[in-house]
Amino acid sequence: MQTILKADNIVKYFYQPEPFEVLKGVSFEAKKGEFLSVVGKSGCGKSTLLYILSTMDTDYQGNLQMNNETLTGLSQNALSRFRNEHMGFVFQFHYLLPEFTALKNVMLPALKLGKYSPKEVEERAYEKLNWMGMGDYALKRASRLSGGQQQRVAIARALVNDPAIIMGDEPTGNLDQTNTGIIFDIFMKLAKENGQTIIAVTHDKDFAAASDRIIEMSDGVIVN
Amino acid sequence: MRNLRLALDIALTHLLAKKRQTIIAMLGVTFGISMFIVMISFMQGVNQFTLDLALDGSPHVRIYNPIKNDRKSIIEQQGGPADAMYIVHHQKPKSELPKIKNGMRILRELEQWPGVQQAAPNLSTQVFYNSGSVQFAGSMIGCDILKENVMYDLENKLETGALEDLLTNPDGILLGNELAEKMNVKVGDRISISTPQGTILLMRVVGTFSFGFSAVDGMRSYATLASVQKILQKDPQYITDIVIRLEDYTQAKTLSKTLSQIYGYTAEDWETTNAAILAGEVIRNVMTFVVSLAMLVVAGFGIYNIMNMSILNKLKDIAILKATGFESGNIVSIFLLQSLIIGVLGGVLGVLTGGFFSYLISITPFPSGTGFNIETFPVLFEVKYYITGIVFGFLTTLFAGWFPARRASRVDPVDIIRG
């Protein structure tokens, strides 16, 4: 299978409160259509790795490639455009824009990308919200939604540009068993049917066990 | 363009979500701009009023022969030792006539001068107006009334009578309206006038005029040159002043210098004559500028503060926008647009309220007494002040919004999202 994301010998230091090597030369590859779970204890560096893979954190040593294109060293603006088109994020805390409706939250990254007309973007956003069972709440303000509902809207937002890679930092962290199941099924379906790669940092052992591959981290290195 | 529309969409949503904050920031700008408009309209109105006053009551350039008092002593004139010091106590002016020699010839030359609209001969003298046993001191000007009309627009200042009657009545006189009131005379009445030399002349009132300030209306009268020459017992060439009206009054200063060099007489421009009235203009301009600037700076700080607060509240949103692909420039646009919307709306509102308050001032009665011919506060309505106001408001908010917006664009999403 085709390698989509390749991290090579990633080293990352934290300087506050004192210099500390969080990632000690991490290398790994993710294939197209693969559903990866990253697990490990708190402080093992798994979230740090995810943010480096997501291109948001650029303060590291090593090399990051996607589709054989080197991302390390690109400008912040270039990386922003890259994220916009090729990556979707689901964060541990739901992080919606509270003043906007659920629908608008989902639409914003697509409007920014500008690949489709605003009308098409709206249709696509509805489609993603319906996948998440949030279609009925589309026109509600994000600040009026419950935590679980916000989480599902955030996932819809991550999907709206059909990114090649979807990253989640505890994507089901705030959801009950039923909703976790729904999300997991959607991720699996995206990976298998659309060939999208999923990388999720999780504490949920059942979630991890059901995914394609588990990457286990400890003290800044991949142990398994 | 698409990015800008998107940024505008987000900016508007932010502004509408915090209506009260938005309105307060906007009112800051509104207040600043409206004060600016009111200040500048009113102050410029006052400036214009004093300028009109100065130009109305005095010629643009006046040529006269001043009484000199600084003659050299006679020993000095006769070539005494140069290193000696000559002191003459209480030197008195010579009995010289304040006449302009060859006045009529100079007048004709001046009438051909480029830029001169009208030059007119004047013969002015101190007189007493006799009213029964009481005498009122005043001045009398002998003039060519038609030329004088061009100089001062006397026609419109005339309250009763007619200018032309001065031409047909050799002993006609035009009186200031306050003077006529004091003497209790009307058109057609006869009055007697005496000179410092003691001659007395009977004259007939053919009209009354009002310049709008007592210094003129209670003192001055106009008669023909011939009448005044007669009362002073002088020849028909005798004139003491030549007054000039220019096509462009701002040229007065330069022309007066040239004329005094050419003819050797003192040529005084209207600005020098009215230095006391005009001195206030500079002070008013400085005051307007300082107060307006202070207002705008305060409004600017208001916006700066509110935008900074708003950005602190929106760190999470900024992080999320950046994480989902918004570039630094987009973030700057979003927050700068918010400032600019506040600035433009506040500015437009400020211009409207400023115009309204200026109007209120312009219809407020001005308690001037009889000193000035003015009924309400002078206010100048000029489009350029309103445009300046909007431009200032725009620039202030652009400046005040720029720093918070740039700060927002530098937010590191990882810092915020990781907590």
# chains A, B, ... in the order shown; residues from 1 in each chain; ligands from 1
$ residues_around --residues "A:Leu111" --least-positions-apart "3" --cutoff "9 Å" --atoms "only C-alpha atoms" --output "MDAnalysis selection string"
(chainID A and resid 107:108 114:118 121) or (chainID B and resid 2:3 6)
$ interface_residues --of "chain B" --to "chain A" --cutoff "8 Å" --atoms "only C-alpha atoms" --output "VMD selection string"
chain B and resid 2 to 3 6 13 to 14 17 316 to 317 320 322 to 328 413 to 414 417
$ write_last_selection --atoms "N, CA and C atoms" --output "CSV table (one decimal), in the first residue's frame"
chain,number,residue,atom,x,y,z
B,2,ARG,N,-12.2,36.3,-2.2
B,2,ARG,CA,-13.0,35.3,-1.5
B,2,ARG,C,-12.6,35.3,0.0
B,3,ASN,N,-11.2,35.3,0.2
B,3,ASN,CA,-10.8,35.3,1.6
B,3,ASN,C,-11.3,36.6,2.3
B,6,LEU,N,-14.9,36.2,3.2
B,6,LEU,CA,-15.0,35.3,4.3
B,6,LEU,C,-14.6,36.0,5.6
B,13,THR,N,-19.8,38.6,12.2
B,13,THR,CA,-20.4,37.6,13.2
B,13,THR,C,-19.9,38.0,14.6
B,14,HIS,N,-18.6,38.2,14.7
B,14,HIS,CA,-17.9,38.6,15.9
B,14,HIS,C,-18.6,39.9,16.5
B,17,ALA,N,-22.1,39.4,17.7
B,17,ALA,CA,-22.2,38.6,18.9
B,17,ALA,C,-22.0,39.4,20.1
B,316,LYS,N,-8.8,31.0,21.5
B,316,LYS,CA,-9.2,29.7,21.1
B,316,LYS,C,-9.7,29.7,19.7
B,317,ASP,N,-10.5,30.7,19.4
B,317,ASP,CA,-11.1,30.8,18.0
B,317,ASP,C,-10.0,31.0,17.0
B,320,ILE,N,-8.2,27.8,16.4
B,320,ILE,CA,-8.9,26.9,15.6
B,320,ILE,C,-8.9,27.3,14.1
B,322,LYS,N,-6.6,29.0,12.6
B,322,LYS,CA,-5.3,28.7,12.1
B,322,LYS,C,-5.2,27.2,11.8
B,323,ALA,N,-5.6,26.4,12.8
B,323,ALA,CA,-5.5,24.9,12.7
B,323,ALA,C,-6.2,24.4,11.5
B,324,THR,N,-7.4,25.0,11.2
B,324,THR,CA,-8.2,24.5,10.0
B,324,THR,C,-7.8,25.2,8.7
B,325,GLY,N,-6.7,25.9,8.7
B,325,GLY,CA,-6.2,26.4,7.5
B,325,GLY,C,-6.2,27.9,7.2
B,326,PHE,N,-6.6,28.7,8.1
B,326,PHE,CA,-6.6,30.1,7.9
B,326,PHE,C,-5.1,30.7,8.1
B,327,GLU,N,-4.7,31.5,7.1
B,327,GLU,CA,-3.3,32.0,7.2
B,327,GLU,C,-3.3,33.3,8.1
B,328,SER,N,-2.1,33.7,8.4
B,328,SER,CA,-1.9,34.9,9.3
B,328,SER,C,-2.6,36.1,8.7
B,413,PRO,N,-1.2,28.3,17.4
B,413,PRO,CA,-2.3,27.4,17.7
B,413,PRO,C,-2.0,26.3,18.7
B,414,VAL,N,-0.7,25.8,18.5
B,414,VAL,CA,-0.4,24.6,19.4
B,414,VAL,C,-0.4,25.0,20.8
B,417,ILE,N,-4.2,25.1,21.8
B,417,ILE,CA,-5.0,23.9,21.7
B,417,ILE,C,-4.5,22.9,22.7
$ residues_around --residues "A:Lys128" --least-positions-apart "4" --cutoff "8 Å" --atoms "only C-alpha atoms" --output "PyMOL selection string"
chain A and resi 124+132+156-157+159-160
$ closest_residue --among "B:Thr376, B:Gln338, B:Asn65, B:Ser210" --to "B:Ile10" --atoms "only C-alpha atoms"
B:Gln338
$ residues_around --residues "stretch 185-200 of chain A" --least-positions-apart "6" --cutoff "7 Å" --atoms "only C-alpha atoms" --output "list in words"
Lys31, Lys32, Gly33, Glu34, Phe35, Leu36, Ser37, Val38, Ala164, Ile165, Ile166, Met167, Gly168, Asp169 and Glu170 of chain A
$ write_last_selection --atoms "all heavy atoms" --output "compact mmCIF listing (two decimals), in the first residue's frame"
# COMPACT_ATOMS: atom_id res chain seq x y z
N LYS A 31 0.09 4.49 6.08
CA LYS A 31 -0.31 4.15 4.71
C LYS A 31 -1.68 4.74 4.40
O LYS A 31 -2.45 5.09 5.28
CB LYS A 31 -0.38 2.63 4.57
CG LYS A 31 0.89 1.89 4.96
CD LYS A 31 1.53 1.28 3.75
CE LYS A 31 2.77 0.45 4.05
NZ LYS A 31 3.83 1.18 4.79
N LYS A 32 -1.91 4.84 3.09
CA LYS A 32 -3.21 5.35 2.65
C LYS A 32 -4.31 4.39 3.10
O LYS A 32 -4.18 3.17 2.96
CB LYS A 32 -3.20 5.44 1.12
CG LYS A 32 -4.38 6.12 0.50
CD LYS A 32 -4.09 6.27 -1.01
CE LYS A 32 -5.18 6.85 -1.86
NZ LYS A 32 -6.50 6.97 -1.44
N GLY A 33 -5.37 4.95 3.68
CA GLY A 33 -6.50 4.13 4.08
C GLY A 33 -6.27 3.36 5.37
O GLY A 33 -7.02 2.45 5.69
N GLU A 34 -5.25 3.75 6.12
CA GLU A 34 -4.93 3.03 7.34
C GLU A 34 -5.57 3.75 8.54
O GLU A 34 -5.62 4.97 8.58
CB GLU A 34 -3.41 3.00 7.52
CG GLU A 34 -2.94 1.99 8.52
CD GLU A 34 -1.40 1.88 8.50
OE1 GLU A 34 -0.73 2.86 8.09
OE2 GLU A 34 -0.87 0.85 8.89
N PHE A 35 -6.04 2.98 9.51
CA PHE A 35 -6.64 3.54 10.71
C PHE A 35 -5.69 3.25 11.88
O PHE A 35 -5.59 2.13 12.36
CB PHE A 35 -8.01 2.89 10.94
CG PHE A 35 -8.81 3.48 12.06
CD1 PHE A 35 -10.15 3.12 12.22
CD2 PHE A 35 -8.26 4.38 12.98
CE1 PHE A 35 -10.91 3.64 13.25
CE2 PHE A 35 -9.01 4.90 14.00
CZ PHE A 35 -10.33 4.53 14.15
N LEU A 36 -4.94 4.30 12.30
CA LEU A 36 -3.90 4.13 13.32
C LEU A 36 -4.37 4.67 14.66
O LEU A 36 -5.00 5.72 14.71
CB LEU A 36 -2.65 4.93 12.92
CG LEU A 36 -1.76 4.41 11.81
CD1 LEU A 36 -0.67 5.43 11.54
CD2 LEU A 36 -1.15 3.08 12.23
N SER A 37 -4.01 3.98 15.72
CA SER A 37 -4.22 4.53 17.06
C SER A 37 -2.87 4.72 17.71
O SER A 37 -2.00 3.85 17.59
CB SER A 37 -5.03 3.59 17.93
OG SER A 37 -6.26 3.32 17.32
N VAL A 38 -2.69 5.86 18.34
CA VAL A 38 -1.45 6.10 19.09
C VAL A 38 -1.83 6.04 20.56
O VAL A 38 -2.71 6.78 21.01
CB VAL A 38 -0.82 7.47 18.76
CG1 VAL A 38 0.49 7.65 19.50
CG2 VAL A 38 -0.61 7.58 17.26
N ALA A 164 -6.96 13.99 3.13
CA ALA A 164 -6.29 12.70 2.97
C ALA A 164 -6.02 12.09 4.34
O ALA A 164 -6.03 10.87 4.49
CB ALA A 164 -4.98 12.90 2.22
N ILE A 165 -5.77 12.94 5.33
CA ILE A 165 -5.47 12.44 6.67
C ILE A 165 -6.40 13.13 7.67
O ILE A 165 -6.61 14.34 7.60
CB ILE A 165 -4.00 12.76 7.06
CG1 ILE A 165 -3.05 12.18 6.02
CG2 ILE A 165 -3.69 12.23 8.45
CD1 ILE A 165 -1.61 12.55 6.25
N ILE A 166 -6.93 12.34 8.59
CA ILE A 166 -7.73 12.92 9.67
C ILE A 166 -7.02 12.59 10.97
O ILE A 166 -6.67 11.44 11.22
CB ILE A 166 -9.15 12.33 9.67
CG1 ILE A 166 -9.86 12.73 8.37
CG2 ILE A 166 -9.94 12.83 10.88
CD1 ILE A 166 -10.98 11.82 8.00
N MET A 167 -6.75 13.64 11.74
CA MET A 167 -6.06 13.43 13.00
C MET A 167 -7.00 13.75 14.15
O MET A 167 -7.75 14.72 14.11
CB MET A 167 -4.84 14.33 13.09
CG MET A 167 -3.83 14.01 12.02
SD MET A 167 -2.25 14.71 12.39
CE MET A 167 -1.39 14.29 10.88
N GLY A 168 -6.90 12.93 15.19
CA GLY A 168 -7.75 13.19 16.34
C GLY A 168 -6.94 13.11 17.62
O GLY A 168 -6.18 12.16 17.83
N ASP A 169 -7.08 14.11 18.46
CA ASP A 169 -6.48 14.06 19.78
C ASP A 169 -7.62 13.74 20.74
O ASP A 169 -8.43 14.61 21.06
CB ASP A 169 -5.84 15.43 20.11
CG ASP A 169 -5.02 15.35 21.40
OD1 ASP A 169 -4.97 14.27 22.00
OD2 ASP A 169 -4.43 16.38 21.77
N GLU A 170 -7.72 12.48 21.13
CA GLU A 170 -8.84 11.99 21.94
C GLU A 170 -10.17 12.34 21.27
O GLU A 170 -11.01 13.04 21.85
CB GLU A 170 -8.81 12.63 23.34
CG GLU A 170 -7.52 12.45 24.09
CD GLU A 170 -7.42 11.09 24.75
OE1 GLU A 170 -8.37 10.29 24.64
OE2 GLU A 170 -6.38 10.82 25.35
